[in-house]
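Visitor: My questions all concern the structure below.
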Amino acid sequence: MAKVKKAFFCKNCGYESPKWMGKCPSCNEWNTFSEEIISSSKETAGYTSKKKNRKPILIQTIEVEKEARIKLSDQELNRVLGGGLVPGSLTLFGGEPGIGKSTLMLQMALSHPTLKTLYVSGEESEQQLKMRAERIGYDNPQCFVLAETDIESVFKQIENLNPNLVLIDSIQTLYSTILDSTPGSVSQTRECAGQLMRFAKTTQTPVILIGHITKDGSLAGPKVLEHMVDTVLQFEGDRNFVYRLLRTVKNRFGATNELGVYEMVQEGLREVPNPSKILISENRDDLSGVAIAPILEGIRPVLIEVQALVSSAVYGTPQRTSTGFDLRRLNMLLAVLEKRAGFRLAAKDVFLNLTGGIKVDDPALDLAVAAAILSSSEDIALQSMTCLAGEIGLSGEVRPVSRIDQRILEAEKLGFERIVVSTFNKGLSKKRYNIEIVTVSTIEDAISTLFA
Ligand SMILES: [Zn+2]
């Protein structure tokens, strides 16, 4: 009998070690190592690309083919993928369980009558998939489903069927008989993804892997896969809310930080072409502590509402809480307001919230955050139909932000009458817009404008 070979793997990042370790030297997490059997007795099994001897070629002689992307009917998916699905690409579609990953992927598979699609599910039976498909209500005569977890059998079916697109739901349920470890373990996940990668590259068939991520990232899988795949998409959102955000975390074929927005409805997930409308509330005119800012997610401008609540601290140390905005940045802004604008905030509790459960690290949000805080602190509502876009520096200056035109146009599109921006934005011609543009150079300037 062959000797059983074992190794230890970090469940968080996939680091391999011959012995157990308390702390992972790669990702610095504690207590993440577990032992897995990796002995391989049947080395010939699994997907292996036919070996071709490749020769080096002169870079000048290589002809670049026009990118033949597969355009999907889902515009939000097209956007986050950078303009469509690239043939031969391996995409990881990750997210927490239960937020609608399978629904979105099945919906995509069903909405392309021209694509022969294979949907491999290790989680649901064919009957369950049919029920889900009926609820979604599309009809693709070329969408095949397969309930299978053995990757070698999956490849056999792929060979017979010859599909144009393969979806795996989920990568954690697949296993290869090459390895003796259990499905979902680091070595299995890595092996199966590796075989699918070779398949995608050899046959130019795009493959999408669904992967579950738990909140603390403890489940093996997606983190390990992130550096193997071409594109990583992350599906986010609270399962108690109807809106879902799709983000590009990594993309070899396009920009990262793109954002897609969906609404969960009875039939599945509906695209939200204009997210600004859902992120700002309707009746905010007389409310203090509310400010609106046009931010950029990837290339897409989105209007977001900042809410602040400032009250006298009950206990000795004032509380500072922030949802969706960096807490250190909030503390910095409070210090600037105190020092440069003379507001006494040191003894106040400050709570900050960005609506829609969205997380933003766009510096253009600074001015709106400061305005919301002052508005709440003084209990005066901001001028209605006004939004703000500017970064605040340590000396209280309002700094210019990138792509101001797009931000202004988005505010204009949603019916805002006034936008406050930095004087230092280059090439800003006020005449071009139908919206009033107020320029300020310091935080004091901004305050006198806003609370006039
Ligand atoms: Zn690690």
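Note on naming: chains are A, B, ... as they come in the structure tokens, residues start from 1 per chain, ligands start from 1 in the order shown.
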Mind running chain A against ligand 1 at 10 Å and telling me each contacting residue's nearest atom pair with the distance in Å (one decimal), counting only C-alpha atoms and all ligand atoms, chain and number ascending, as CSV?
Guide:
```
residue,atom,partner,partner_atom_place_in_ligand_line,distance
A:Phe9,CA,ligand 1,1 (Zn),8.0
A:Cys10,CA,ligand 1,1 (Zn),4.6
A:Lys11,CA,ligand 1,1 (Zn),6.6
A:Asn12,CA,ligand 1,1 (Zn),5.0
A:Cys13,CA,ligand 1,1 (Zn),4.1
A:Gly14,CA,ligand 1,1 (Zn),5.9
A:Tyr15,CA,ligand 1,1 (Zn),5.3
A:Glu16,CA,ligand 1,1 (Zn),8.6
A:Lys23,CA,ligand 1,1 (Zn),7.9
A:Cys24,CA,ligand 1,1 (Zn),4.6
A:Pro25,CA,ligand 1,1 (Zn),6.6
A:Ser26,CA,ligand 1,1 (Zn),5.0
A:Cys27,CA,ligand 1,1 (Zn),4.1
A:Asn28,CA,ligand 1,1 (Zn),6.2
A:Glu29,CA,ligand 1,1 (Zn),5.9
A:Trp30,CA,ligand 1,1 (Zn),8.4
A:Asn31,CA,ligand 1,1 (Zn),9.4
A:Thr32,CA,ligand 1,1 (Zn),6.9
A:Phe33,CA,ligand 1,1 (Zn),8.0
A:Lys223,CA,ligand 1,1 (Zn),9.4
A:Val224,CA,ligand 1,1 (Zn),9.0
```
Visitor: Tell me, counting only C-alpha atoms, for each residue of region 157-233 of chain A within 7 Å of region 122-139 of chain A, which pair of atoms is nearest and how far apart they are in Å to one decimal, in rows ordered by chain and increasing number, as JSON lines.
Guide:
```
{"residue": "A:Asp169", "atom": "CA", "partner": "A:Gly122", "partner_atom": "CA", "distance": 6.1}
{"residue": "A:Ser170", "atom": "CA", "partner": "A:Gly122", "partner_atom": "CA", "distance": 6.4}
{"residue": "A:Thr173", "atom": "CA", "partner": "A:Gly122", "partner_atom": "CA", "distance": 5.5}
{"residue": "A:Leu174", "atom": "CA", "partner": "A:Gly122", "partner_atom": "CA", "distance": 6.9}
```
Visitor: Nearest to Lys413 (chain A) among A:Val242, A:Val249, A:Val302, A:Ile151, with distances taken over only C-alpha atoms: which residue is it?
Guide: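 Comparing A:Val242, A:Val249, A:Val302, A:Ile151 against Lys413 (chain A), the winner is A:Val302.
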Visitor: Tell me, which residues of region 56-276 of chain A carry DSSP strand (DSSP E or B), written as a short mmCIF file (atom, residue, chain, number, x, y, z; two decimals) with N, CA and C atoms, in the first residue's frame?
Guide:
```cif
data_model
loop_
_atom_site.label_atom_id
_atom_site.label_comp_id
_atom_site.auth_asym_id
_atom_site.auth_seq_id
_atom_site.Cartn_x
_atom_site.Cartn_y
_atom_site.Cartn_z
N ILE A 70 -18.05 37.83 -24.99
CA ILE A 70 -19.43 37.36 -25.08
C ILE A 70 -20.30 38.38 -24.34
N LEU A 85 -18.11 38.72 -21.14
CA LEU A 85 -17.36 37.55 -20.69
C LEU A 85 -16.26 37.23 -21.72
N LEU A 90 -11.53 32.30 -16.45
CA LEU A 90 -12.04 31.62 -15.25
C LEU A 90 -12.44 32.71 -14.26
N THR A 91 -13.70 32.72 -13.89
CA THR A 91 -14.24 33.77 -13.03
C THR A 91 -14.72 33.15 -11.72
N LEU A 92 -14.37 33.81 -10.63
CA LEU A 92 -14.89 33.37 -9.33
C LEU A 92 -15.97 34.34 -8.90
N PHE A 93 -17.14 33.77 -8.59
CA PHE A 93 -18.28 34.57 -8.18
C PHE A 93 -18.55 34.26 -6.72
N GLY A 94 -18.06 35.11 -5.84
CA GLY A 94 -18.11 34.79 -4.41
C GLY A 94 -19.15 35.59 -3.66
N GLY A 95 -19.53 35.10 -2.51
CA GLY A 95 -20.47 35.83 -1.66
C GLY A 95 -20.94 34.94 -0.53
N THR A 117 -25.22 26.21 -22.56
CA THR A 117 -24.71 26.40 -21.21
C THR A 117 -24.85 25.12 -20.39
N LEU A 118 -23.82 24.82 -19.61
CA LEU A 118 -23.91 23.69 -18.68
C LEU A 118 -23.83 24.24 -17.26
N TYR A 119 -24.89 23.99 -16.49
CA TYR A 119 -24.93 24.44 -15.11
C TYR A 119 -24.73 23.22 -14.22
N VAL A 120 -23.56 23.12 -13.60
CA VAL A 120 -23.25 21.97 -12.74
C VAL A 120 -23.55 22.36 -11.31
N SER A 121 -24.44 21.60 -10.66
CA SER A 121 -24.77 21.93 -9.28
C SER A 121 -24.46 20.77 -8.36
N CYS A 143 -30.02 25.25 -22.29
CA CYS A 143 -29.44 25.29 -20.95
C CYS A 143 -29.52 23.90 -20.32
N PHE A 144 -28.37 23.29 -20.10
CA PHE A 144 -28.31 21.95 -19.51
C PHE A 144 -27.95 22.05 -18.04
N VAL A 145 -28.55 21.19 -17.22
CA VAL A 145 -28.14 21.15 -15.81
C VAL A 145 -27.61 19.76 -15.47
N LEU A 146 -26.72 19.71 -14.52
CA LEU A 146 -26.09 18.45 -14.12
C LEU A 146 -25.86 18.50 -12.61
N ALA A 147 -26.44 17.54 -11.90
CA ALA A 147 -26.20 17.47 -10.46
C ALA A 147 -25.07 16.47 -10.24
N ASP A 150 -18.40 14.94 -8.65
CA ASP A 150 -17.12 14.33 -9.02
C ASP A 150 -16.60 15.03 -10.28
N LEU A 165 -20.42 27.61 -22.34
CA LEU A 165 -20.24 28.25 -21.04
C LEU A 165 -20.49 27.22 -19.95
N VAL A 166 -19.59 27.17 -18.96
CA VAL A 166 -19.76 26.22 -17.86
C VAL A 166 -19.88 26.99 -16.55
N LEU A 167 -20.91 26.66 -15.77
CA LEU A 167 -21.09 27.28 -14.45
C LEU A 167 -20.99 26.18 -13.40
N ILE A 168 -20.23 26.44 -12.34
CA ILE A 168 -20.05 25.45 -11.28
C ILE A 168 -20.64 26.01 -9.99
N ASP A 169 -21.62 25.32 -9.43
CA ASP A 169 -22.28 25.78 -8.21
C ASP A 169 -22.21 24.66 -7.16
N TYR A 175 -15.11 17.46 -6.01
CA TYR A 175 -13.92 16.77 -5.53
C TYR A 175 -13.30 15.99 -6.69
N VAL A 207 -15.47 29.73 -17.88
CA VAL A 207 -15.98 28.96 -16.74
C VAL A 207 -16.22 29.93 -15.59
N ILE A 208 -17.37 29.81 -14.94
CA ILE A 208 -17.66 30.63 -13.76
C ILE A 208 -17.82 29.73 -12.56
N LEU A 209 -17.07 30.00 -11.51
CA LEU A 209 -17.15 29.22 -10.27
C LEU A 209 -17.91 30.03 -9.23
N ILE A 210 -18.89 29.42 -8.62
CA ILE A 210 -19.55 30.07 -7.49
C ILE A 210 -18.82 29.61 -6.23
N GLY A 211 -18.51 30.53 -5.34
CA GLY A 211 -17.82 30.16 -4.11
C GLY A 211 -18.44 30.83 -2.91
N HIS A 212 -18.65 30.07 -1.84
CA HIS A 212 -19.24 30.66 -0.63
C HIS A 212 -18.16 31.27 0.25
N THR A 231 -10.73 36.58 -12.87
CA THR A 231 -11.64 37.63 -12.41
C THR A 231 -12.30 37.19 -11.11
N VAL A 232 -12.40 38.08 -10.16
CA VAL A 232 -13.12 37.79 -8.93
C VAL A 232 -14.26 38.80 -8.79
N LEU A 233 -15.47 38.28 -8.75
CA LEU A 233 -16.63 39.14 -8.52
C LEU A 233 -17.16 38.83 -7.14
N GLN A 234 -17.57 39.86 -6.43
CA GLN A 234 -18.11 39.63 -5.10
C GLN A 234 -19.53 40.17 -5.01
N PHE A 235 -20.40 39.31 -4.54
CA PHE A 235 -21.81 39.66 -4.42
C PHE A 235 -22.06 40.00 -2.96
N GLU A 236 -22.53 41.22 -2.70
CA GLU A 236 -22.67 41.67 -1.32
C GLU A 236 -24.09 42.14 -1.06
N TYR A 243 -31.64 45.05 -1.81
CA TYR A 243 -30.62 45.44 -2.77
C TYR A 243 -29.35 44.61 -2.62
N ARG A 244 -28.76 44.28 -3.76
CA ARG A 244 -27.52 43.52 -3.78
C ARG A 244 -26.49 44.27 -4.62
N LEU A 245 -25.27 44.27 -4.16
CA LEU A 245 -24.20 44.94 -4.90
C LEU A 245 -23.24 43.90 -5.45
N LEU A 246 -22.86 44.09 -6.71
CA LEU A 246 -21.90 43.18 -7.33
C LEU A 246 -20.65 43.99 -7.62
N ARG A 247 -19.53 43.56 -7.03
CA ARG A 247 -18.29 44.31 -7.20
C ARG A 247 -17.22 43.50 -7.90
N THR A 248 -16.34 44.17 -8.63
CA THR A 248 -15.18 43.52 -9.22
C THR A 248 -14.03 43.68 -8.23
N VAL A 249 -13.51 42.57 -7.75
CA VAL A 249 -12.40 42.64 -6.81
C VAL A 249 -11.08 42.51 -7.57
N LYS A 250 -11.10 41.69 -8.61
CA LYS A 250 -9.91 41.50 -9.43
C LYS A 250 -10.38 41.26 -10.85
N ASN A 251 -9.66 41.82 -11.83
CA ASN A 251 -10.04 41.57 -13.21
C ASN A 251 -8.84 41.71 -14.13
N LEU A 259 -19.12 48.52 -10.17
CA LEU A 259 -20.23 48.20 -9.30
C LEU A 259 -21.48 47.90 -10.10
N GLY A 260 -22.14 46.81 -9.76
CA GLY A 260 -23.44 46.49 -10.34
C GLY A 260 -24.46 46.45 -9.22
N VAL A 261 -25.67 46.89 -9.49
CA VAL A 261 -26.70 46.92 -8.45
C VAL A 261 -27.92 46.12 -8.89
N TYR A 262 -28.43 45.30 -7.99
CA TYR A 262 -29.60 44.48 -8.28
C TYR A 262 -30.64 44.66 -7.19
N GLU A 263 -31.86 44.38 -7.58
CA GLU A 263 -32.95 44.38 -6.61
C GLU A 263 -33.52 42.97 -6.58
N MET A 264 -33.70 42.43 -5.38
CA MET A 264 -34.25 41.09 -5.23
C MET A 264 -35.77 41.18 -5.35
N VAL A 265 -36.33 40.52 -6.36
CA VAL A 265 -37.78 40.50 -6.52
C VAL A 265 -38.24 39.04 -6.55
N GLY A 268 -36.59 36.79 -9.15
CA GLY A 268 -35.14 36.67 -9.18
C GLY A 268 -34.50 38.01 -8.91
N LEU A 269 -33.42 38.32 -9.62
CA LEU A 269 -32.73 39.57 -9.38
C LEU A 269 -32.91 40.51 -10.56
N ARG A 270 -33.37 41.73 -10.26
CA ARG A 270 -33.61 42.68 -11.33
C ARG A 270 -32.51 43.73 -11.32
N GLU A 271 -32.03 44.10 -12.51
CA GLU A 271 -30.99 45.11 -12.61
C GLU A 271 -31.53 46.46 -12.17
#
```
Visitor: List every residue of region 175-340 of chain A that DSSP, applied to the backbone, labels as helix (DSSP H, G or I), and write the result as a VMD selection string.
Guide: chain A and resid 186 to 203 222 to 225 276 to 279 327 to 340
Visitor: Produce a file of the selected residues containing C-alpha atoms, as a PDB file, in the first residue's frame.
Guide:
```
ATOM      1  CA  VAL A 186      -8.039  23.583   0.550  1.00  0.00           C
ATOM      2  CA  SER A 187      -6.267  20.910  -1.499  1.00  0.00           C
ATOM      3  CA  GLN A 188      -9.489  19.705  -3.199  1.00  0.00           C
ATOM      4  CA  THR A 189     -10.693  23.204  -4.001  1.00  0.00           C
ATOM      5  CA  ARG A 190      -7.319  24.116  -5.431  1.00  0.00           C
ATOM      6  CA  GLU A 191      -7.040  20.910  -7.478  1.00  0.00           C
ATOM      7  CA  CYS A 192     -10.540  21.215  -8.969  1.00  0.00           C
ATOM      8  CA  ALA A 193     -10.064  24.894  -9.785  1.00  0.00           C
ATOM      9  CA  GLY A 194      -6.726  24.050 -11.381  1.00  0.00           C
ATOM     10  CA  GLN A 195      -8.316  21.440 -13.636  1.00  0.00           C
ATOM     11  CA  LEU A 196     -11.104  23.834 -14.617  1.00  0.00           C
ATOM     12  CA  MET A 197      -8.515  26.506 -15.335  1.00  0.00           C
ATOM     13  CA  ARG A 198      -6.632  24.174 -17.714  1.00  0.00           C
ATOM     14  CA  PHE A 199      -9.940  23.259 -19.360  1.00  0.00           C
ATOM     15  CA  ALA A 200     -10.913  26.921 -19.825  1.00  0.00           C
ATOM     16  CA  LYS A 201      -7.544  27.915 -21.287  1.00  0.00           C
ATOM     17  CA  THR A 202      -7.283  24.881 -23.590  1.00  0.00           C
ATOM     18  CA  THR A 203     -10.787  25.002 -25.025  1.00  0.00           C
ATOM     19  CA  PRO A 222     -12.513  31.466  -2.321  1.00  0.00           C
ATOM     20  CA  LYS A 223      -9.568  33.151  -0.607  1.00  0.00           C
ATOM     21  CA  VAL A 224      -7.348  30.333  -1.829  1.00  0.00           C
ATOM     22  CA  LEU A 225      -8.721  30.698  -5.345  1.00  0.00           C
ATOM     23  CA  SER A 276     -28.769  56.984  -7.146  1.00  0.00           C
ATOM     24  CA  LYS A 277     -32.543  57.005  -6.907  1.00  0.00           C
ATOM     25  CA  ILE A 278     -32.636  54.243  -4.332  1.00  0.00           C
ATOM     26  CA  LEU A 279     -29.773  55.556  -2.219  1.00  0.00           C
ATOM     27  CA  LEU A 327     -13.661  55.812  11.264  1.00  0.00           C
ATOM     28  CA  ARG A 328     -10.135  57.232  11.247  1.00  0.00           C
ATOM     29  CA  ARG A 329     -11.109  59.600   8.452  1.00  0.00           C
ATOM     30  CA  LEU A 330     -14.166  60.657  10.461  1.00  0.00           C
ATOM     31  CA  ASN A 331     -11.952  61.452  13.462  1.00  0.00           C
ATOM     32  CA  MET A 332      -9.660  63.456  11.217  1.00  0.00           C
ATOM     33  CA  LEU A 333     -12.570  65.481   9.828  1.00  0.00           C
ATOM     34  CA  LEU A 334     -13.838  66.151  13.355  1.00  0.00           C
ATOM     35  CA  ALA A 335     -10.395  67.422  14.325  1.00  0.00           C
ATOM     36  CA  VAL A 336     -10.295  69.710  11.281  1.00  0.00           C
ATOM     37  CA  LEU A 337     -13.766  71.100  12.068  1.00  0.00           C
ATOM     38  CA  GLU A 338     -12.695  71.736  15.658  1.00  0.00           C
ATOM     39  CA  LYS A 339      -9.357  73.351  14.865  1.00  0.00           C
ATOM     40  CA  ARG A 340     -10.051  75.223  11.612  1.00  0.00           C
TER      41      ARG A 340
END
```
Visitor: Which residues are near Glu36 (chain A)? Cut-off 8 Å, only C-alpha atoms, ignore same chain within fewer than 6 positions. Put them as an MDAnalysis selection string.
Guide: chainID A and resid 6:9 181 185 187
Visitor: Grab the residues selected above and save them as a PDB file, in the first residue's frame with all heavy atoms.
Guide:
```
ATOM      1  N   LYS A   6       0.499  13.464   3.885  1.00  0.00           N
ATOM      2  CA  LYS A   6      -0.340  14.490   4.486  1.00  0.00           C
ATOM      3  C   LYS A   6       0.386  15.835   4.494  1.00  0.00           C
ATOM      4  O   LYS A   6       1.607  15.885   4.461  1.00  0.00           O
ATOM      5  CB  LYS A   6      -0.675  14.113   5.935  1.00  0.00           C
ATOM      6  CG  LYS A   6      -1.634  12.950   6.036  1.00  0.00           C
ATOM      7  CD  LYS A   6      -1.847  12.578   7.483  1.00  0.00           C
ATOM      8  CE  LYS A   6      -2.834  11.445   7.601  1.00  0.00           C
ATOM      9  NZ  LYS A   6      -2.978  10.985   8.975  1.00  0.00           N
ATOM     10  N   ALA A   7      -0.399  16.875   4.555  1.00  0.00           N
ATOM     11  CA  ALA A   7       0.185  18.210   4.687  1.00  0.00           C
ATOM     12  C   ALA A   7      -0.795  19.087   5.441  1.00  0.00           C
ATOM     13  O   ALA A   7      -1.968  18.749   5.565  1.00  0.00           O
ATOM     14  CB  ALA A   7       0.481  18.808   3.320  1.00  0.00           C
ATOM     15  N   PHE A   8      -0.288  20.198   5.946  1.00  0.00           N
ATOM     16  CA  PHE A   8      -1.149  21.152   6.645  1.00  0.00           C
ATOM     17  C   PHE A   8      -1.401  22.355   5.755  1.00  0.00           C
ATOM     18  O   PHE A   8      -0.495  22.837   5.082  1.00  0.00           O
ATOM     19  CB  PHE A   8      -0.496  21.583   7.961  1.00  0.00           C
ATOM     20  CG  PHE A   8      -0.475  20.489   8.976  1.00  0.00           C
ATOM     21  CD1 PHE A   8       0.572  19.567   9.005  1.00  0.00           C
ATOM     22  CD2 PHE A   8      -1.500  20.355   9.885  1.00  0.00           C
ATOM     23  CE1 PHE A   8       0.596  18.537   9.926  1.00  0.00           C
ATOM     24  CE2 PHE A   8      -1.495  19.333  10.812  1.00  0.00           C
ATOM     25  CZ  PHE A   8      -0.442  18.413  10.838  1.00  0.00           C
ATOM     26  N   PHE A   9      -2.663  22.802   5.747  1.00  0.00           N
ATOM     27  CA  PHE A   9      -3.022  23.956   4.915  1.00  0.00           C
ATOM     28  C   PHE A   9      -3.664  25.037   5.768  1.00  0.00           C
ATOM     29  O   PHE A   9      -4.431  24.733   6.680  1.00  0.00           O
ATOM     30  CB  PHE A   9      -4.039  23.538   3.843  1.00  0.00           C
ATOM     31  CG  PHE A   9      -3.446  22.678   2.766  1.00  0.00           C
ATOM     32  CD1 PHE A   9      -3.515  21.291   2.848  1.00  0.00           C
ATOM     33  CD2 PHE A   9      -2.833  23.262   1.672  1.00  0.00           C
ATOM     34  CE1 PHE A   9      -2.978  20.497   1.851  1.00  0.00           C
ATOM     35  CE2 PHE A   9      -2.293  22.475   0.668  1.00  0.00           C
ATOM     36  CZ  PHE A   9      -2.358  21.091   0.764  1.00  0.00           C
ATOM     37  N   SER A 181      -8.470  13.873   0.167  1.00  0.00           N
ATOM     38  CA  SER A 181      -9.081  14.786   1.146  1.00  0.00           C
ATOM     39  C   SER A 181     -10.540  15.082   0.802  1.00  0.00           C
ATOM     40  O   SER A 181     -11.002  14.813  -0.299  1.00  0.00           O
ATOM     41  CB  SER A 181      -8.273  16.076   1.248  1.00  0.00           C
ATOM     42  OG  SER A 181      -8.009  16.584  -0.034  1.00  0.00           O
ATOM     43  N   SER A 185     -12.088  21.060   1.174  1.00  0.00           N
ATOM     44  CA  SER A 185     -10.791  21.308   1.790  1.00  0.00           C
ATOM     45  C   SER A 185      -9.926  22.109   0.819  1.00  0.00           C
ATOM     46  O   SER A 185     -10.191  22.165  -0.373  1.00  0.00           O
ATOM     47  CB  SER A 185     -10.124  19.997   2.154  1.00  0.00           C
ATOM     48  OG  SER A 185      -9.906  19.241   0.988  1.00  0.00           O
ATOM     49  N   SER A 187      -6.935  21.623  -0.404  1.00  0.00           N
ATOM     50  CA  SER A 187      -6.267  20.910  -1.499  1.00  0.00           C
ATOM     51  C   SER A 187      -7.260  20.505  -2.592  1.00  0.00           C
ATOM     52  O   SER A 187      -6.949  20.600  -3.778  1.00  0.00           O
ATOM     53  CB  SER A 187      -5.510  19.692  -0.968  1.00  0.00           C
ATOM     54  OG  SER A 187      -6.310  18.955  -0.081  1.00  0.00           O
TER      55      SER A 187
END
```
Visitor: Would you work out the distance separating CA of Cys387 (chain A) from CA of Arg79 (chain A), expressed in Å to one decimal?
Guide: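 CA of Arg79 (chain A) lies 26.4 Å from CA of Cys387 (chain A).
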Visitor: Between A:Gln383, A:Ser402, A:Thr321, A:Ser102, which one has atoms that come closest to Asn353 (chain A), using only C-alpha atoms?
Guide: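 Among A:Gln383, A:Ser402, A:Thr321, A:Ser102, it is A:Thr321 that comes nearest to Asn353 (chain A).
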Visitor: What does the distance between CA of Leu365 (chain A) and CA of Ala389 (chain A) come to in Å, to one decimal place?
Guide: 6.2 Å
Visitor: Compile the contact shell of Ser281 (chain A) as a list in words: residues with an atom at most 10 Å away, counting only C-alpha atoms, same-chain residues fewer than 4 positions apart removed.
Guide: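 Answer for this query is Ser276, Lys277, Asp285, Val290, Ile292, Ile304, Glu305 and Thr355 of chain A.
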Visitor: Tell me, in Å to one decimal, how far CA of Ser429 (chain A) is from CA of Ile295 (chain A).
Guide: 20.1 Å
Visitor: Counting only C-alpha atoms, what is within 12 Å of Tyr315 (chain A), bar same-chain residues fewer than 2 positions away, as a list in words?
Guide: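 Within the cut-off, the hits are Ser311, Ser312, Ala313, Thr317, Pro318, Gln319, Ala347, Lys348 and Asp349 of chain A.
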Visitor: Any chance you can output those residues with N, CA and C atoms as a PDB file, in the first residue's frame?
Guide:
```
ATOM      1  N   SER A 311     -24.659  64.514  19.284  1.00  0.00           N
ATOM      2  CA  SER A 311     -25.351  64.841  20.537  1.00  0.00           C
ATOM      3  C   SER A 311     -24.339  64.920  21.661  1.00  0.00           C
ATOM      4  N   SER A 312     -24.728  65.541  22.745  1.00  0.00           N
ATOM      5  CA  SER A 312     -23.805  65.676  23.874  1.00  0.00           C
ATOM      6  C   SER A 312     -23.499  64.306  24.462  1.00  0.00           C
ATOM      7  N   ALA A 313     -22.232  64.079  24.770  1.00  0.00           N
ATOM      8  CA  ALA A 313     -21.841  62.782  25.307  1.00  0.00           C
ATOM      9  C   ALA A 313     -22.368  62.618  26.724  1.00  0.00           C
ATOM     10  N   THR A 317     -16.078  59.557  27.872  1.00  0.00           N
ATOM     11  CA  THR A 317     -15.460  59.502  26.553  1.00  0.00           C
ATOM     12  C   THR A 317     -16.541  59.525  25.486  1.00  0.00           C
ATOM     13  N   PRO A 318     -16.505  60.514  24.585  1.00  0.00           N
ATOM     14  CA  PRO A 318     -17.540  60.547  23.554  1.00  0.00           C
ATOM     15  C   PRO A 318     -17.419  59.386  22.567  1.00  0.00           C
ATOM     16  N   GLN A 319     -18.568  58.942  22.057  1.00  0.00           N
ATOM     17  CA  GLN A 319     -18.565  57.821  21.110  1.00  0.00           C
ATOM     18  C   GLN A 319     -18.464  58.335  19.688  1.00  0.00           C
ATOM     19  N   ALA A 347     -16.529  67.042  22.883  1.00  0.00           N
ATOM     20  CA  ALA A 347     -17.334  66.445  23.947  1.00  0.00           C
ATOM     21  C   ALA A 347     -18.666  65.897  23.413  1.00  0.00           C
ATOM     22  N   LYS A 348     -18.731  65.698  22.078  1.00  0.00           N
ATOM     23  CA  LYS A 348     -19.991  65.239  21.489  1.00  0.00           C
ATOM     24  C   LYS A 348     -19.871  63.798  20.988  1.00  0.00           C
ATOM     25  N   ASP A 349     -20.988  63.079  21.098  1.00  0.00           N
ATOM     26  CA  ASP A 349     -21.080  61.778  20.432  1.00  0.00           C
ATOM     27  C   ASP A 349     -21.360  62.044  18.954  1.00  0.00           C
TER      28      ASP A 349
END
```
